[in-house]
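Source file: model17.pdb (PDB, C-alpha atoms)
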MODEL        1
ATOM      1  CA  MET A   1     104.643 109.056  63.811
ATOM      2  CA  ARG A   2     103.099 106.282  65.879
ATOM      3  CA  LYS A   3     104.891 107.486  68.994
ATOM      4  CA  PHE A   4     103.757 111.049  68.360
ATOM      5  CA  MET A   5     100.135 109.912  67.998
ATOM      6  CA  GLY A   6     100.490 107.933  71.223
ATOM      7  CA  ILE A   7     101.736 110.976  73.114
ATOM      8  CA  VAL A   8      98.905 113.140  71.725
ATOM      9  CA  LEU A   9      96.304 110.523  72.739
ATOM     10  CA  LEU A  10      97.886 110.281  76.206
ATOM     11  CA  PHE A  11      97.595 114.038  76.684
ATOM     12  CA  ILE A  12      93.940 113.988  75.573
ATOM     13  CA  VAL A  13      93.151 111.226  78.098
ATOM     14  CA  ALA A  14      95.078 113.031  80.852
ATOM     15  CA  TRP A  15      93.222 116.265  80.119
ATOM     16  CA  GLY A  16      89.875 114.423  80.294
ATOM     17  CA  ILE A  17      90.750 112.885  83.659
ATOM     18  CA  PHE A  18      91.950 116.248  84.975
ATOM     19  CA  VAL A  19      88.748 118.038  83.909
ATOM     20  CA  SER A  20      86.471 115.374  85.377
ATOM     21  CA  LEU A  21      88.386 115.168  88.671
ATOM     22  CA  ARG A  22      88.442 118.969  89.042
ATOM     23  CA  GLU A  23      84.666 119.027  89.336
ATOM     24  CA  ILE A  24      84.519 116.559  92.258
ATOM     25  CA  PRO A  25      84.225 118.389  95.584
ATOM     26  CA  PHE A  26      86.727 116.402  97.650
ATOM     27  CA  GLY A  27      86.422 116.725 101.402
ATOM     28  CA  GLU A  28      82.867 118.021 101.397
ATOM     29  CA  GLN A  29      79.957 116.091 102.779
ATOM     30  CA  LYS A  30      77.412 115.737 100.048
ATOM     31  CA  SER A  31      75.522 112.529 100.772
ATOM     32  CA  LYS A  32      73.315 111.901 103.774
ATOM     33  CA  VAL A  33      74.453 108.302 104.201
ATOM     34  CA  GLY A  34      78.114 109.292 104.650
ATOM     35  CA  LYS A  35      77.130 111.795 107.292
ATOM     36  CA  TYR A  36      75.049 109.144 109.046
ATOM     37  CA  TYR A  37      77.977 106.692 109.121
ATOM     38  CA  ILE A  38      80.321 109.292 110.597
ATOM     39  CA  GLU A  39      77.857 110.505 113.222
ATOM     40  CA  LYS A  40      76.115 107.283 114.253
ATOM     41  CA  GLY A  41      78.730 104.651 113.347
ATOM     42  CA  GLU A  42      80.274 104.420 116.803
ATOM     43  CA  GLU A  43      76.908 104.185 118.514
ATOM     44  CA  ASP A  44      75.449 101.616 116.108
ATOM     45  CA  THR A  45      78.348  99.224 115.774
ATOM     46  CA  GLY A  46      80.726  99.917 118.675
ATOM     47  CA  ALA A  47      83.767  99.955 116.349
ATOM     48  CA  SER A  48      86.066 102.960 116.643
ATOM     49  CA  ASN A  49      87.344 102.486 113.071
ATOM     50  CA  ILE A  50      84.500 103.806 110.933
ATOM     51  CA  VAL A  51      85.805 102.145 107.768
ATOM     52  CA  THR A  52      85.533  98.773 109.502
ATOM     53  CA  SER A  53      82.038  99.514 110.732
ATOM     54  CA  VAL A  54      80.975 100.239 107.141
ATOM     55  CA  VAL A  55      82.801  97.281 105.581
ATOM     56  CA  VAL A  56      81.753  94.606 108.057
ATOM     57  CA  ASN A  57      78.572  95.903 109.615
ATOM     58  CA  TYR A  58      76.593  98.173 107.312
ATOM     59  CA  ARG A  59      77.882  96.593 104.109
ATOM     60  CA  GLY A  60      78.722  93.124 105.437
ATOM     61  CA  PHE A  61      76.902  91.356 102.643
ATOM     62  CA  ASP A  62      79.076  93.096 100.033
ATOM     63  CA  THR A  63      82.151  91.898 101.921
ATOM     64  CA  LEU A  64      80.856  88.338 101.634
ATOM     65  CA  GLY A  65      80.648  88.910  97.878
ATOM     66  CA  GLU A  66      84.234  90.208  97.792
ATOM     67  CA  VAL A  67      85.469  87.175  99.690
ATOM     68  CA  THR A  68      83.586  84.953  97.238
ATOM     69  CA  VAL A  69      85.212  86.701  94.261
ATOM     70  CA  LEU A  70      88.674  86.092  95.745
ATOM     71  CA  PHE A  71      87.761  82.457  96.411
ATOM     72  CA  LEU A  72      86.606  81.996  92.796
ATOM     73  CA  ALA A  73      89.828  83.597  91.513
ATOM     74  CA  ALA A  74      91.922  81.180  93.593
ATOM     75  CA  ILE A  75      89.867  78.202  92.392
ATOM     76  CA  GLY A  76      90.130  79.342  88.765
ATOM     77  CA  LEU A  77      93.917  79.704  88.989
ATOM     78  CA  GLY A  78      94.174  76.271  90.581
ATOM     79  CA  ALA A  79      92.017  74.755  87.847
ATOM     80  CA  VAL A  80      94.097  76.361  85.077
ATOM     81  CA  LEU A  81      97.447  75.418  86.608
ATOM     82  CA  ALA A  82      96.360  71.868  87.478
ATOM     83  CA  THR A  83      96.390  70.950  83.778
ATOM     84  CA  PHE A  84     100.148  71.608  83.521
ATOM     85  CA  GLN A  85     101.823  68.716  85.292
ATOM     86  CA  ARG A  86     105.587  68.853  85.384
ATOM     87  CA  LYS A  87     107.130  65.444  84.896
ATOM     88  CA  GLU A  88     110.708  65.748  86.121
ATOM     89  CA  LYS A  89     111.690  67.245  89.472
ATOM     90  CA  ILE A  90     113.859  70.344  89.116
ATOM     91  CA  LYS A  91     116.837  70.561  91.430
ATOM     92  CA  VAL A  92     116.420  73.461  93.837
ATOM     93  CA  GLU A  93     119.492  75.564  94.394
ATOM     94  CA  PRO A  94     119.833  76.414  98.104
ATOM     95  CA  SER A  95     119.984  80.104  98.973
ATOM     96  CA  SER A  96     122.913  81.676 100.802
ATOM     97  CA  LEU A  97     123.164  81.406 104.577
ATOM     98  CA  ILE A  98     122.626  85.139 105.198
ATOM     99  CA  LEU A  99     119.467  85.273 103.077
ATOM    100  CA  TYR A 100     118.130  82.053 104.597
ATOM    101  CA  THR A 101     118.696  83.196 108.194
ATOM    102  CA  GLY A 102     117.304  86.665 107.530
ATOM    103  CA  CYS A 103     114.118  85.324 105.954
ATOM    104  CA  ARG A 104     113.622  82.829 108.770
ATOM    105  CA  PHE A 105     114.103  85.604 111.314
ATOM    106  CA  LEU A 106     111.652  87.989 109.617
ATOM    107  CA  PHE A 107     108.938  85.413 108.877
ATOM    108  CA  PRO A 108     107.353  85.146 112.385
ATOM    109  CA  LEU A 109     107.560  88.925 112.867
ATOM    110  CA  ILE A 110     105.612  89.585 109.661
ATOM    111  CA  LEU A 111     103.067  86.907 110.643
ATOM    112  CA  LEU A 112     102.655  88.617 114.019
ATOM    113  CA  PHE A 113     102.147  91.995 112.342
ATOM    114  CA  GLY A 114      99.516  90.577 109.985
ATOM    115  CA  SER A 115      97.642  88.988 112.886
ATOM    116  CA  TYR A 116      97.808  92.266 114.787
ATOM    117  CA  ILE A 117      96.288  94.105 111.816
ATOM    118  CA  PHE A 118      93.276  91.824 111.500
ATOM    119  CA  ILE A 119      92.671  91.270 115.218
ATOM    120  CA  HIS A 120      92.679  95.039 115.849
ATOM    121  CA  GLY A 121      90.660  95.743 112.692
ATOM    122  CA  HIS A 122      87.852  97.423 114.628
ATOM    123  CA  LEU A 123      90.217  99.705 116.573
ATOM    124  CA  THR A 124      93.045 100.724 114.233
ATOM    125  CA  PRO A 125      93.302 101.091 110.442
ATOM    126  CA  GLY A 126      93.398  97.828 108.565
ATOM    127  CA  GLY A 127      91.362  94.679 108.689
ATOM    128  CA  GLY A 128      90.946  91.190 107.366
ATOM    129  CA  PHE A 129      92.005  91.833 103.794
ATOM    130  CA  GLN A 130      95.070  93.871 104.672
ATOM    131  CA  GLY A 131      96.144  91.472 107.432
ATOM    132  CA  GLY A 132      95.664  88.498 105.123
ATOM    133  CA  ALA A 133      97.749  90.160 102.415
ATOM    134  CA  VAL A 134     100.541  90.881 104.929
ATOM    135  CA  ILE A 135     100.496  87.230 106.030
ATOM    136  CA  ALA A 136     100.672  86.112 102.400
ATOM    137  CA  SER A 137     103.658  88.434 101.852
ATOM    138  CA  ALA A 138     105.433  86.616 104.724
ATOM    139  CA  PHE A 139     104.932  83.353 102.826
ATOM    140  CA  VAL A 140     106.227  85.016  99.645
ATOM    141  CA  LEU A 141     109.382  85.973 101.545
ATOM    142  CA  VAL A 142     109.927  82.370 102.614
ATOM    143  CA  TYR A 143     109.229  81.039  99.112
ATOM    144  CA  LEU A 144     111.669  83.409  97.450
ATOM    145  CA  GLY A 145     114.276  83.514 100.245
ATOM    146  CA  CYS A 146     114.409  79.973 101.656
ATOM    147  CA  ARG A 147     114.159  77.784  98.566
ATOM    148  CA  GLY A 148     112.595  74.388  99.033
ATOM    149  CA  LYS A 149     110.224  75.237 101.869
ATOM    150  CA  ARG A 150     106.523  74.683 101.182
ATOM    151  CA  ILE A 151     103.301  75.332 103.075
ATOM    152  CA  ASN A 152     101.136  72.463 104.239
ATOM    153  CA  LYS A 153      98.526  72.307 101.463
ATOM    154  CA  VAL A 154      95.886  70.408 103.446
ATOM    155  CA  GLY A 155      96.235  72.779 106.394
ATOM    156  CA  SER A 156      95.939  75.814 104.134
ATOM    157  CA  ASN A 157      92.794  74.429 102.457
ATOM    158  CA  ILE A 158      91.195  73.601 105.812
ATOM    159  CA  THR A 159      91.993  77.094 107.151
ATOM    160  CA  GLU A 160      90.484  78.694 104.064
ATOM    161  CA  SER A 161      87.287  76.636 104.251
ATOM    162  CA  LEU A 162      86.898  77.193 107.991
ATOM    163  CA  GLY A 163      87.322  80.946 107.528
ATOM    164  CA  GLY A 164      84.595  81.129 104.903
ATOM    165  CA  LEU A 165      82.333  78.835 106.890
ATOM    166  CA  THR A 166      82.732  80.941 110.044
ATOM    167  CA  PHE A 167      81.748  84.070 108.112
ATOM    168  CA  VAL A 168      78.562  82.512 106.687
ATOM    169  CA  VAL A 169      77.596  80.770 109.953
ATOM    170  CA  LEU A 170      78.029  84.020 111.929
ATOM    171  CA  GLY A 171      75.812  85.769 109.407
ATOM    172  CA  LEU A 172      73.139  83.086 109.614
ATOM    173  CA  VAL A 173      73.254  83.085 113.430
ATOM    174  CA  GLY A 174      72.793  86.849 113.308
ATOM    175  CA  LEU A 175      69.784  86.347 111.052
ATOM    176  CA  ALA A 176      68.324  83.715 113.384
ATOM    177  CA  VAL A 177      68.967  85.506 116.692
ATOM    178  CA  GLY A 178      68.423  89.103 115.634
ATOM    179  CA  GLY A 179      65.720  88.247 113.157
ATOM    180  CA  HIS A 180      66.124  91.269 110.872
ATOM    181  CA  TYR A 181      68.906  90.827 108.329
ATOM    182  CA  PHE A 182      71.937  88.756 107.393
ATOM    183  CA  LEU A 183      75.061  89.477 109.503
ATOM    184  CA  GLU A 184      73.171  91.256 112.267
ATOM    185  CA  ASN A 185      75.394  92.197 115.199
ATOM    186  CA  PHE A 186      73.928  89.916 117.882
ATOM    187  CA  LEU A 187      76.779  89.923 120.418
ATOM    188  CA  PRO A 188      77.022  92.634 123.117
ATOM    189  CA  LYS A 189      78.874  95.776 121.993
ATOM    190  CA  GLY A 190      81.161  95.886 125.033
ATOM    191  CA  GLU A 191      83.196  98.834 126.186
ATOM    192  CA  PHE A 192      84.028 101.270 123.385
ATOM    193  CA  ASN A 193      87.635 101.297 122.115
ATOM    194  CA  THR A 194      88.747  98.087 123.833
ATOM    195  CA  LEU A 195      89.788  94.804 122.206
ATOM    196  CA  PHE A 196      86.655  92.906 123.214
ATOM    197  CA  SER A 197      84.100  95.253 121.733
ATOM    198  CA  ALA A 198      81.980  95.768 118.633
ATOM    199  CA  GLY A 199      80.205  92.387 118.816
ATOM    200  CA  ILE A 200      80.847  90.124 115.847
ATOM    201  CA  ILE A 201      83.136  92.503 113.914
ATOM    202  CA  PRO A 202      86.451  91.169 115.348
ATOM    203  CA  LEU A 203      85.293  87.566 114.890
ATOM    204  CA  ILE A 204      84.402  88.165 111.244
ATOM    205  CA  TYR A 205      87.666  89.985 110.598
ATOM    206  CA  ILE A 206      89.663  87.148 112.147
ATOM    207  CA  ALA A 207      87.828  84.694 109.873
ATOM    208  CA  ILE A 208      88.448  86.906 106.809
ATOM    209  CA  GLY A 209      92.121  87.357 107.757
ATOM    210  CA  PHE A 210      92.730  83.601 107.941
ATOM    211  CA  LYS A 211      90.785  83.016 104.739
ATOM    212  CA  VAL A 212      92.514  85.711 102.673
ATOM    213  CA  GLY A 213      95.951  84.787 104.021
ATOM    214  CA  ALA A 214      95.462  81.099 103.188
ATOM    215  CA  GLU A 215      94.053  81.899  99.738
ATOM    216  CA  LEU A 216      96.789  84.304  98.650
ATOM    217  CA  SER A 217      99.507  81.999 100.027
ATOM    218  CA  GLY A 218      97.892  79.146  98.092
ATOM    219  CA  ILE A 219      97.980  81.195  94.871
ATOM    220  CA  ILE A 220     101.674  81.976  95.375
ATOM    221  CA  ASP A 221     102.339  78.323  96.236
ATOM    222  CA  GLN A 222     100.734  77.138  92.998
ATOM    223  CA  LEU A 223     102.658  79.681  90.921
ATOM    224  CA  VAL A 224     105.988  78.771  92.551
ATOM    225  CA  GLU A 225     105.318  75.068  92.113
ATOM    226  CA  GLU A 226     104.927  75.517  88.374
ATOM    227  CA  SER A 227     108.120  77.521  87.952
TER     228      SER A 227
ATOM    229  CA  MET B   1     103.051 119.189 103.122
ATOM    230  CA  ILE B   2     102.093 120.144  99.560
ATOM    231  CA  ILE B   3     105.802 120.219  98.626
ATOM    232  CA  ILE B   4     106.327 116.663  99.906
ATOM    233  CA  ILE B   5     103.266 115.417  98.021
ATOM    234  CA  THR B   6     104.398 117.132  94.811
ATOM    235  CA  LEU B   7     107.869 115.609  95.127
ATOM    236  CA  LEU B   8     106.371 112.170  95.714
ATOM    237  CA  VAL B   9     104.092 112.493  92.682
ATOM    238  CA  LEU B  10     107.052 113.547  90.521
ATOM    239  CA  LEU B  11     109.090 110.592  91.832
ATOM    240  CA  MET B  12     106.157 108.306  91.069
ATOM    241  CA  LEU B  13     105.989 109.611  87.481
ATOM    242  CA  LEU B  14     109.743 109.100  87.134
ATOM    243  CA  ALA B  15     109.457 105.521  88.410
ATOM    244  CA  ALA B  16     106.584 104.798  86.017
ATOM    245  CA  ILE B  17     108.545 106.142  83.040
ATOM    246  CA  THR B  18     111.657 104.144  83.980
ATOM    247  CA  ALA B  19     109.502 101.015  84.308
ATOM    248  CA  LEU B  20     108.511 101.522  80.663
ATOM    249  CA  ILE B  21     112.055 102.239  79.465
ATOM    250  CA  PHE B  22     114.033  99.439  81.184
ATOM    251  CA  LYS B  23     114.967  96.475  79.001
ATOM    252  CA  ASP B  24     115.825  94.375  82.058
ATOM    253  CA  LEU B  25     112.395  93.202  83.192
ATOM    254  CA  ILE B  26     113.403  92.601  86.830
ATOM    255  CA  SER B  27     114.435  96.271  87.097
ATOM    256  CA  ALA B  28     111.160  97.290  85.443
ATOM    257  CA  VAL B  29     109.193  95.271  88.012
ATOM    258  CA  ILE B  30     111.120  96.894  90.862
ATOM    259  CA  ALA B  31     110.307 100.332  89.379
ATOM    260  CA  ALA B  32     106.608  99.365  89.173
ATOM    261  CA  CYS B  33     106.832  98.235  92.797
ATOM    262  CA  MET B  34     108.188 101.695  93.650
ATOM    263  CA  VAL B  35     105.111 103.270  92.005
ATOM    264  CA  SER B  36     102.870 101.182  94.285
ATOM    265  CA  LEU B  37     104.913 102.040  97.355
ATOM    266  CA  ILE B  38     104.750 105.796  96.665
ATOM    267  CA  ALA B  39     101.017 105.454  95.981
ATOM    268  CA  ALA B  40     100.698 103.852  99.426
ATOM    269  CA  ILE B  41     102.581 106.765 101.042
ATOM    270  CA  LEU B  42     100.331 109.226  99.192
ATOM    271  CA  PHE B  43      97.217 107.379 100.408
ATOM    272  CA  TYR B  44      98.538 107.715 103.944
ATOM    273  CA  PHE B  45      99.076 111.451 103.504
ATOM    274  CA  LEU B  46      95.541 111.762 102.106
ATOM    275  CA  GLN B  47      94.211 110.195 105.365
ATOM    276  CA  ALA B  48      93.296 106.788 103.994
ATOM    277  CA  PRO B  49      95.490 104.425 106.051
ATOM    278  CA  ASP B  50      93.292 101.393 105.308
ATOM    279  CA  VAL B  51      93.794 101.771 101.564
ATOM    280  CA  ALA B  52      97.490 102.508 102.096
ATOM    281  CA  MET B  53      97.945  99.188 103.902
ATOM    282  CA  ALA B  54      96.188  97.239 101.167
ATOM    283  CA  GLU B  55      98.174  99.030  98.459
ATOM    284  CA  ALA B  56     101.506  98.430 100.200
ATOM    285  CA  SER B  57     100.917  94.746 100.913
ATOM    286  CA  ILE B  58      99.216  93.761  97.646
ATOM    287  CA  GLY B  59     100.638  96.251  95.149
ATOM    288  CA  ALA B  60     104.197  96.330  96.397
ATOM    289  CA  ALA B  61     104.679  92.807  97.767
ATOM    290  CA  LEU B  62     102.371  90.246  96.163
ATOM    291  CA  VAL B  63     102.117  91.644  92.630
ATOM    292  CA  THR B  64     105.909  92.065  92.490
ATOM    293  CA  ALA B  65     106.361  88.468  93.603
ATOM    294  CA  VAL B  66     103.927  87.196  90.963
ATOM    295  CA  PHE B  67     105.732  89.183  88.248
ATOM    296  CA  ILE B  68     109.137  87.902  89.384
ATOM    297  CA  ILE B  69     107.887  84.312  89.285
ATOM    298  CA  ALA B  70     106.507  84.929  85.780
ATOM    299  CA  ILE B  71     109.819  86.457  84.606
ATOM    300  CA  LYS B  72     111.712  83.497  86.038
ATOM    301  CA  ARG B  73     109.656  81.168  83.872
ATOM    302  CA  THR B  74     110.131  83.228  80.706
ATOM    303  CA  LYS B  75     112.950  85.580  79.671
ATOM    304  CA  ARG B  76     114.667  88.253  81.712
ATOM    305  CA  TYR B  77     115.548  90.706  78.927
ATOM    306  CA  GLU B  78     113.171  92.401  76.553
ATOM    307  CA  GLU B  79     114.187  92.148  72.904
TER     308      GLU B  79
ENDMDL
END
Let me see whether you can do it: turn the structure in this file into structure tokens.
Amino acid sequence: MRKFMGIVLLFIVAWGIFVSLREIPFGEQKSKVGKYYIEKGEEDTGASNIVTSVVVNYRGFDTLGEVTVLFLAAIGLGAVLATFQRKEKIKVEPSSLILYTGCRFLFPLILLFGSYIFIHGHLTPGGGFQGGAVIASAFVLVYLGCRGKRINKVGSNITESLGGLTFVVLGLVGLAVGGHYFLENFLPKGEFNTLFSAGIIPLIYIAIGFKVGAELSGIIDQLVEES
Amino acid sequence: MIIIITLLVLLMLLAAITALIFKDLISAVIAACMVSLIAAILFYFLQAPDVAMAEASIGAALVTAVFIIAIKRTKRYEE
């Protein structure tokens, strides 16, 4: 009876979602602001990836909020896990040679790919968050594949702090030089669709990439340490 | 194209149902990881490569790792 009620409720919820989604006109331009971003985005920001120009340039302040939320989550996890202190050291079983070699071979390649994603954030799909997550997944591979290896905690904390600091300082410099709003694009736009273009967008994405990568790797490091 | 998307959605549903059914929690986590991976492919087909990248790296890699670490600390089989 309980299962039957569950299935009936599930179908009611699914029907509600279906009806509400059917009314949304996907693929049609309804709002003026979306149209503006698509038409004027390249000219205003110099970034050929319009998503990046919205995330970092038009809505840069929101991105700062997102980064802060992630930072608070990492701090909260650290504070919760710091109360459990394990007394005895557990013996770590070494992984097999094939797994160890494979993980060590793949690790720099994944790091390179993550860096590529956030450095080219203004040209190709992706950006700081995605690149940082890819870098953190490289660290996950090493943690699960090569047992006993750890990241340098002090280095990771310094990277994280420097990333956040760079973001805020760039925003304040934009406010001081441009004089209009926080995170104003004060550097020259450069030639469209080349690596050195779009002003401060690549710099901010590099800072975010380092920050997110260090934070997510730190979270994984704390979880692995407790297990 | 619509056939591929339909097949992927059906596969995603199948993976989600198997994730609920499995008693071995590691297998259930791998099935949940498959749901994320197919969602990433679907995002790519729907012309949202940025979201696809985030979904693939966070949903398929990091969340799976966190779940596996949690299962390692507790029990592997559901009772």
Per residue of chain A within 9 Å of chain B, note the shortest atom pair and the distance in Å to one decimal, counting all atoms listed in the file, and order the rows by chain and increasing residue number, as a Markdown table.
| residue | atom | partner | partner_atom | distance |
| --- | --- | --- | --- | --- |
| A:Val51 | CA | B:Asp50 | CA | 7.9 |
| A:Thr124 | CA | B:Asp50 | CA | 9.0 |
| A:Pro125 | CA | B:Asp50 | CA | 5.1 |
| A:Gly126 | CA | B:Asp50 | CA | 4.8 |
| A:Gly127 | CA | B:Asp50 | CA | 7.8 |
| A:Phe129 | CA | B:Ala54 | CA | 7.3 |
| A:Gln130 | CA | B:Ala54 | CA | 5.0 |
| A:Gly131 | CA | B:Ala54 | CA | 8.5 |
| A:Ala133 | CA | B:Ser57 | CA | 5.8 |
| A:Val134 | CA | B:Ser57 | CA | 5.6 |
| A:Ala136 | CA | B:Leu62 | CA | 7.7 |
| A:Ser137 | CA | B:Ala61 | CA | 6.1 |
| A:Val140 | CA | B:Ala65 | CA | 7.0 |
| A:Leu141 | CA | B:Ala65 | CA | 8.9 |
| A:Leu144 | CA | B:Ala65 | CA | 8.3 |
| A:Leu216 | CA | B:Leu62 | CA | 8.5 |
| A:Ile220 | CA | B:Val66 | CA | 7.2 |
| A:Leu223 | CA | B:Ile69 | CA | 7.2 |
| A:Val224 | CA | B:Ile69 | CA | 6.7 |
| A:Glu226 | CA | B:Arg73 | CA | 8.6 |
| A:Ser227 | CA | B:Arg73 | CA | 5.7 |
key: Selected residue, from B:Val9, B:Ile3, B:Ile21, B:Ala15, that lies nearest to B:Val35 when counting all atoms listed in the file   = B:Ala15
Test item: the PyMOL selection byres ((chain A and resi 115) around 10) resolved as a list of chain:residue names =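 Selected by the PyMOL selection byres ((chain A and resi 115) around 10) here: A:Leu109, A:Ile110, A:Leu111, A:Leu112, A:Phe113, A:Gly114, A:Tyr116, A:Ile117, A:Phe118, A:Ile119, A:His120, A:Gly121, A:Gly127, A:Gly128, A:Gln130, A:Gly131, A:Gly132, A:Val134, A:Ile135, A:Ile206, A:Gly209, A:Phe210, A:Gly213.
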task = May I have the residues within 9 Å of B:Leu8 as a PyMOL selection string, using all atoms listed in the file and disregarding those fewer than 2 positions away in the same chain?
result = chain B and resi 3-6+10-13+38-39+41-42
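Pairwise distance (atom CA of A:Glu93, atom CA of B:Phe22) equals 27.8 Å.
Atom CA of A:Leu203 lies 26.9 Å from atom CA of A:Asp221.
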request  = Do a neighbour search on A:Ser156 at 9 Å with all atoms listed in the file, toss out local chain neighbours closer than 6 positions, and write the hits as a list in words.
outcome  = Lys211, Gly213, Ala214, Glu215, Ser217 and Gly218 of chain A
ask   = What is the atom CA of A:Met1 to atom CA of A:Trp15 distance in Å?
value =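 Computing it gives 21.2 Å between the two atoms.
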message = Here's the selection I'm unsure about, the PyMOL selection byres ((chain A and resi 204) around 12); applied to the file above, which residues does it give, as an MDAnalysis selection string?
response = chainID A and resid 52:53 55:57 60:61 63:64 67 118:122 127:129 162:171 174 183:185 198:203 205:211
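Matched in the shown structure by the PyMOL selection byres ((chain A and resi 29-44) around 10): Pro25, Phe26, Gly27, Glu28, Thr45, Gly46, Ala47, Ser48, Asn49, Ile50, Val51, Thr52, Ser53, Val54, Asn57, Tyr58, Asn185, Lys189, Phe192, Asn193 and Ala198 of chain A.
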